[in-house]
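Working notes, structure below.
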Amino acid sequence: MAKRRIGILALLGTLAGCAVVPDAKPPSTIIDPPPPTVVAQSAFAAGLAVGPGVGTLGFSRPDANSALSAFVASCRWLTSKDDRSGLTRPEDWQPACDAARTWPASRGADFFLQHFETARIGDGAAFATGYFEPEIEGSRTKLPGYDVPVYRVPDDLVRAWPDDMPEAERTGRPPLGRINEEGKHVPYFDRAAIEDGALAGRGLEFAWAKDPIEMFFLQIQGSGLLRQPDGTVMRIGYAGQNGRGYTGIGGVMRERGLLGDGPGQYEGSMQGIIRYLRENPEDGRALMRLNQSWIFFRELTTDGPLGSLGVPVRRESSVAVDPRFVPYGAPVFLDLDRDVADGLWIAQDTGGAIKGANRFDTFWGNGGDAREIAGGMSGRGQALVLLPKGTVARLQAAKAGQ
């Protein structure tokens with residue numbers, strides 16, 4: 001999650017945020033993302049054009065070196081998985097990945113210059129948010145004051161077609177839900193039901209958090225750290241979701257006039273939302289329950305949160321993308337009006353709010369300034385995808401032959 005992921009920005013709108021499981025993780029954005037305007041359903045359909053030469057991009061040596069390290073971690077995926085964007089084939093990546101494994105770590109810029117060309121997807125107009133790995137107080141065992149359960153995936157969360165759904169409508173994957181006492185597939189318990197104890201007493205709790213508000217926001221991010229009373233840290237990551245729809249409470253608060261610059265209004269940021277929730281506990285609890293989505297976790301023993309490729313995401317190196325428009329594992333170059341996010345990123349994650357061409361969520365790690373940068377990240381500019389040399393010409397020839 002370095003320079004990437006479902007930004008905290010979605011929390012303010014549809015509060016839109018990665019996981020190794022099939023379901024997309026929750027949105028992690030707190031600021032209103034722009035309304036979707038995408039019509040094309042893949043990068044190939046959106047159209048692509050040759051971009052400027054890699055040598056003209058002007059990324060720094062440290063930026064290129066960290067991107068090279070992240071790229072190497074992505075090669076297993078690149079060379080074995082189908083690319084949903086329609087831009088590449090596994091064999092296209094093999095030469096670059098073979099070279100990357102033994103390439104000097106201090107010569108990242110030379111690596112990208114030698115093996116890649118740039119492509120602009122659609123008009124290249126980019127919008128980027130940010131996400132981070134929150135750290136909150138928690139415990140492996142239930143202690144006084146640690147009352148918020150952290151649940152693993154329940155065994156009765158299943159996919160099945162509702163009995164009343166016509167056969168003609170049963171396309172794609174069946175929805176998530178549970179089988180009730182009558183043997184019918186129904187929606188799974190929502191946030192309110194789970195908070196009221198629908199899963200209690202089943203042995204699903206593997207940790208406990210201290211603050212329900214902080215835990216709510218950790219669910220939005222999809223992963224985080226639990227700082228235990230003895231000072232040790234437990235990392236938890238996204239394992240599944242209850243199948244219920246996600247509602248961004250920031251958008252609801254805006255509609256109700258609670259956020260803004262006027263008298264009595266709260267700042268339209270993560271910090272402003274949290275202040276409202278703390279100062280209005282009863283209304284705040286009801287507001288959070290409007291987001292019916294609930295995230296289930298698992299303990300991670302990795303040195304970072306896992307992205308959608310199953311490898312740890314890295315600060316200022318990993319970015320969440322819509323895999324229909326950017327190949328998972330591909331390098332991305334951003335040039336935004338938020339200079340802190342300019343440079344090379346590697347597409348290693350996705351999220352519920354990251355939809356469409358040139359939509360990105362940059363990852364900012366944990367601790368220190370991570371929350372501040374991610375929470376305020378709302379950058380616009382241009383994006384380029386780096387593809388193995390020869391890819392653009394092949395794609396343009398294929399399109400011309402259609």
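Each chain of the structure tokens is named A, B, ... in the order shown, its residues numbered from 1; ligands are numbered from 1 in display order.
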
### Task
Just the residues within 9 Å of Gly390 in chain A, please, counting only C-alpha atoms, with nothing from its chain fewer than 6 positions along; format it as a ChimeraX atom specification.
/A:92,116-117

Residues just named, written with N, CA and C atoms as a short mmCIF file (atom, residue, chain, number, x, y, z; two decimals), in the first residue's frame:
```cif
data_model
loop_
_atom_site.label_atom_id
_atom_site.label_comp_id
_atom_site.auth_asym_id
_atom_site.auth_seq_id
_atom_site.Cartn_x
_atom_site.Cartn_y
_atom_site.Cartn_z
N ASP A 92 4.13 -11.41 -22.35
CA ASP A 92 4.66 -10.07 -22.60
C ASP A 92 5.57 -9.60 -21.48
N PHE A 116 10.56 -0.73 -20.94
CA PHE A 116 9.17 -0.26 -21.00
C PHE A 116 8.97 0.90 -21.95
N GLU A 117 7.71 1.00 -22.38
CA GLU A 117 7.20 2.16 -23.10
C GLU A 117 5.96 2.65 -22.37
#
```

### Query
Residues at most 12 Å from Arg289 in chain A, counting only C-alpha atoms, excluding those fewer than 4 positions away in the same chain, as an NGL selection string?
:A and (190-196 or 212-213 or 216 or 244-249 or 252 or 277 or 282-285 or 293-294)

Store the residues picked out above in a file with N, CA and C atoms, as a short mmCIF file (atom, residue, chain, number, x, y, z; two decimals), in the first residue's frame.
```
data_model
loop_
_atom_site.label_atom_id
_atom_site.label_comp_id
_atom_site.auth_asym_id
_atom_site.auth_seq_id
_atom_site.Cartn_x
_atom_site.Cartn_y
_atom_site.Cartn_z
N ASP A 190 -26.47 -7.55 8.72
CA ASP A 190 -25.87 -6.26 8.41
C ASP A 190 -25.13 -5.73 9.63
N ARG A 191 -24.56 -4.54 9.50
CA ARG A 191 -23.75 -3.97 10.57
C ARG A 191 -24.53 -3.87 11.87
N ALA A 192 -25.77 -3.38 11.83
CA ALA A 192 -26.56 -3.22 13.04
C ALA A 192 -26.76 -4.56 13.75
N ALA A 193 -27.12 -5.59 12.97
CA ALA A 193 -27.36 -6.90 13.56
C ALA A 193 -26.08 -7.47 14.18
N ILE A 194 -24.97 -7.28 13.50
CA ILE A 194 -23.70 -7.80 14.03
C ILE A 194 -23.31 -7.05 15.29
N GLU A 195 -23.48 -5.74 15.30
CA GLU A 195 -23.18 -4.96 16.51
C GLU A 195 -24.09 -5.36 17.66
N ASP A 196 -25.30 -5.78 17.34
CA ASP A 196 -26.25 -6.18 18.38
C ASP A 196 -26.05 -7.63 18.83
N PRO A 212 -14.82 1.82 19.14
CA PRO A 212 -15.67 1.42 18.01
C PRO A 212 -15.54 2.35 16.80
N ILE A 213 -15.26 3.63 17.04
CA ILE A 213 -15.12 4.56 15.92
C ILE A 213 -13.84 4.27 15.15
N PHE A 216 -14.32 1.21 13.14
CA PHE A 216 -15.15 1.49 11.96
C PHE A 216 -14.27 1.98 10.81
N ARG A 244 -23.25 -6.96 2.11
CA ARG A 244 -24.14 -5.81 2.17
C ARG A 244 -23.50 -4.59 1.51
N GLY A 245 -24.34 -3.68 1.05
CA GLY A 245 -23.85 -2.50 0.34
C GLY A 245 -23.11 -1.52 1.24
N TYR A 246 -22.17 -0.82 0.64
CA TYR A 246 -21.37 0.17 1.35
C TYR A 246 -22.00 1.55 1.22
N THR A 247 -22.13 2.26 2.33
CA THR A 247 -22.63 3.63 2.34
C THR A 247 -21.58 4.53 2.95
N GLY A 248 -21.18 5.55 2.23
CA GLY A 248 -20.21 6.50 2.75
C GLY A 248 -20.90 7.50 3.67
N ILE A 249 -20.55 7.49 4.94
CA ILE A 249 -21.24 8.37 5.88
C ILE A 249 -20.91 9.83 5.63
N VAL A 252 -23.60 11.20 3.41
CA VAL A 252 -24.84 11.41 4.17
C VAL A 252 -24.74 12.67 5.02
N LEU A 277 -18.69 12.31 15.27
CA LEU A 277 -19.10 11.03 15.85
C LEU A 277 -18.85 11.00 17.35
N GLU A 282 -24.84 9.19 20.12
CA GLU A 282 -26.05 8.46 19.75
C GLU A 282 -26.33 8.60 18.26
N ASP A 283 -26.31 9.85 17.76
CA ASP A 283 -26.53 10.06 16.34
C ASP A 283 -25.38 9.47 15.53
N GLY A 284 -24.17 9.54 16.07
CA GLY A 284 -23.03 8.99 15.37
C GLY A 284 -23.13 7.49 15.18
N ARG A 285 -23.60 6.79 16.19
CA ARG A 285 -23.76 5.34 16.08
C ARG A 285 -24.80 5.00 15.01
N SER A 293 -22.33 -2.54 5.39
CA SER A 293 -21.21 -3.43 5.12
C SER A 293 -20.40 -3.71 6.38
N TRP A 294 -19.99 -4.96 6.54
CA TRP A 294 -19.15 -5.36 7.67
C TRP A 294 -17.97 -6.15 7.11
#
```

### Task
Could you tell me how far CA of Gly251 in chain A lies from CA of Ala198 in chain A, in Å and to one decimal?
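Between these atoms lies a distance of 27.6 Å.
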
### Message
Counting only C-alpha atoms, which residue out of A:Arg120, A:Arg140, A:Arg152, A:Arg371 sits closest to Leu384 in chain A?
### Response
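For Leu384 in chain A, the nearest of the given residues is A:Arg120.
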
As a short mmCIF file (atom, residue, chain, number, x, y, z; two decimals) with all heavy atoms, in the first residue's frame, please: the residues near Ala383 in chain A (cut-off 8 Å, only C-alpha atoms, same-chain neighbours under 4 positions excluded).
```cif
data_model
loop_
_atom_site.label_atom_id
_atom_site.label_comp_id
_atom_site.auth_asym_id
_atom_site.auth_seq_id
_atom_site.Cartn_x
_atom_site.Cartn_y
_atom_site.Cartn_z
N ARG A 120 -1.07 5.95 -22.88
CA ARG A 120 -2.10 6.78 -22.26
C ARG A 120 -3.44 6.09 -22.48
O ARG A 120 -3.83 5.82 -23.62
CB ARG A 120 -2.09 8.18 -22.85
CG ARG A 120 -3.08 9.14 -22.23
CD ARG A 120 -2.91 10.57 -22.76
NE ARG A 120 -1.69 11.19 -22.23
CZ ARG A 120 -0.60 11.40 -22.92
NH1 ARG A 120 -0.53 11.00 -24.19
NH2 ARG A 120 0.46 11.97 -22.36
N GLY A 124 -6.18 10.02 -20.44
CA GLY A 124 -5.13 10.06 -19.43
C GLY A 124 -5.43 10.93 -18.23
O GLY A 124 -4.60 11.04 -17.32
N ALA A 125 -6.60 11.57 -18.20
CA ALA A 125 -6.94 12.47 -17.08
C ALA A 125 -7.15 11.66 -15.81
O ALA A 125 -8.09 10.87 -15.71
CB ALA A 125 -8.19 13.27 -17.41
N ALA A 126 -6.29 11.89 -14.82
CA ALA A 126 -6.27 11.04 -13.63
C ALA A 126 -6.86 11.72 -12.41
O ALA A 126 -6.79 12.95 -12.26
CB ALA A 126 -4.83 10.61 -13.33
N VAL A 332 2.95 2.44 -13.06
CA VAL A 332 2.11 3.57 -13.41
C VAL A 332 2.89 4.84 -13.08
O VAL A 332 3.54 4.92 -12.04
CB VAL A 332 0.79 3.55 -12.62
CG1 VAL A 332 -0.01 4.83 -12.85
CG2 VAL A 332 -0.05 2.34 -12.99
N PHE A 333 2.83 5.83 -13.96
CA PHE A 333 3.46 7.11 -13.69
C PHE A 333 2.38 8.17 -13.51
O PHE A 333 1.52 8.35 -14.38
CB PHE A 333 4.39 7.54 -14.83
CG PHE A 333 5.10 8.84 -14.57
CD1 PHE A 333 6.21 8.90 -13.73
CD2 PHE A 333 4.64 10.02 -15.14
CE1 PHE A 333 6.85 10.10 -13.48
CE2 PHE A 333 5.28 11.23 -14.90
CZ PHE A 333 6.39 11.26 -14.05
N LEU A 334 2.40 8.86 -12.36
CA LEU A 334 1.42 9.90 -12.06
C LEU A 334 2.10 11.27 -12.05
O LEU A 334 3.19 11.44 -11.49
CB LEU A 334 0.77 9.66 -10.69
CG LEU A 334 -0.03 8.37 -10.52
CD1 LEU A 334 -0.63 8.29 -9.12
CD2 LEU A 334 -1.12 8.25 -11.58
N ASP A 335 1.44 12.23 -12.65
CA ASP A 335 1.88 13.63 -12.63
C ASP A 335 0.67 14.45 -12.23
O ASP A 335 -0.19 14.76 -13.05
CB ASP A 335 2.40 14.05 -14.00
CG ASP A 335 2.94 15.47 -14.02
OD1 ASP A 335 3.10 16.06 -12.92
OD2 ASP A 335 3.21 16.01 -15.12
N ASN A 358 -7.94 5.52 -15.24
CA ASN A 358 -7.15 6.59 -14.62
C ASN A 358 -7.65 7.00 -13.24
O ASN A 358 -7.50 8.15 -12.83
CB ASN A 358 -7.09 7.80 -15.56
CG ASN A 358 -6.55 7.43 -16.92
OD1 ASN A 358 -5.47 6.86 -17.03
ND2 ASN A 358 -7.32 7.71 -17.97
#
```

#### Entry: Minimum-distance residue to Glu214 in chain A, chosen among A:Gly250, A:Gly138, A:Gly264, A:Gly272 (using only C-alpha atoms)
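Among the listed residues, the smallest separation from Glu214 in chain A belongs to A:Gly138.
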
### Selected residue, from A:Gln241, A:Thr302, A:Thr129, A:Thr391, that lies nearest to Asp337 in chain A when counting only C-alpha atoms
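Using only C-alpha atoms, the shortest distance to Asp337 in chain A belongs to A:Thr129.
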
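Running DSSP on the backbone and keeping only helix (DSSP H, G or I), the residues of range 203-248 of chain A that qualify are A:Pro212, A:Ile213, A:Glu214, A:Met215, A:Phe216, A:Phe217, A:Leu218, A:Gln219, A:Ile220, A:Gln221.
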
### Task
Using only C-alpha atoms, pick whichever of A:Gly365, A:Gly224, A:Gly145, A:Gly240 has the shortest atom-to-atom distance to Asp211 in chain A.
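Residue with the minimum atom-to-atom distance to Asp211 in chain A: A:Gly145.
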
### Message
as a VMD selection string, please: every residue in range 212-380 of chain A that DSSP puts in strand (DSSP E).
### Response
chain A and resid 223 to 227 233 to 241 295 to 300 318 to 320 331 to 336 343 to 349 359 to 363 379 to 380
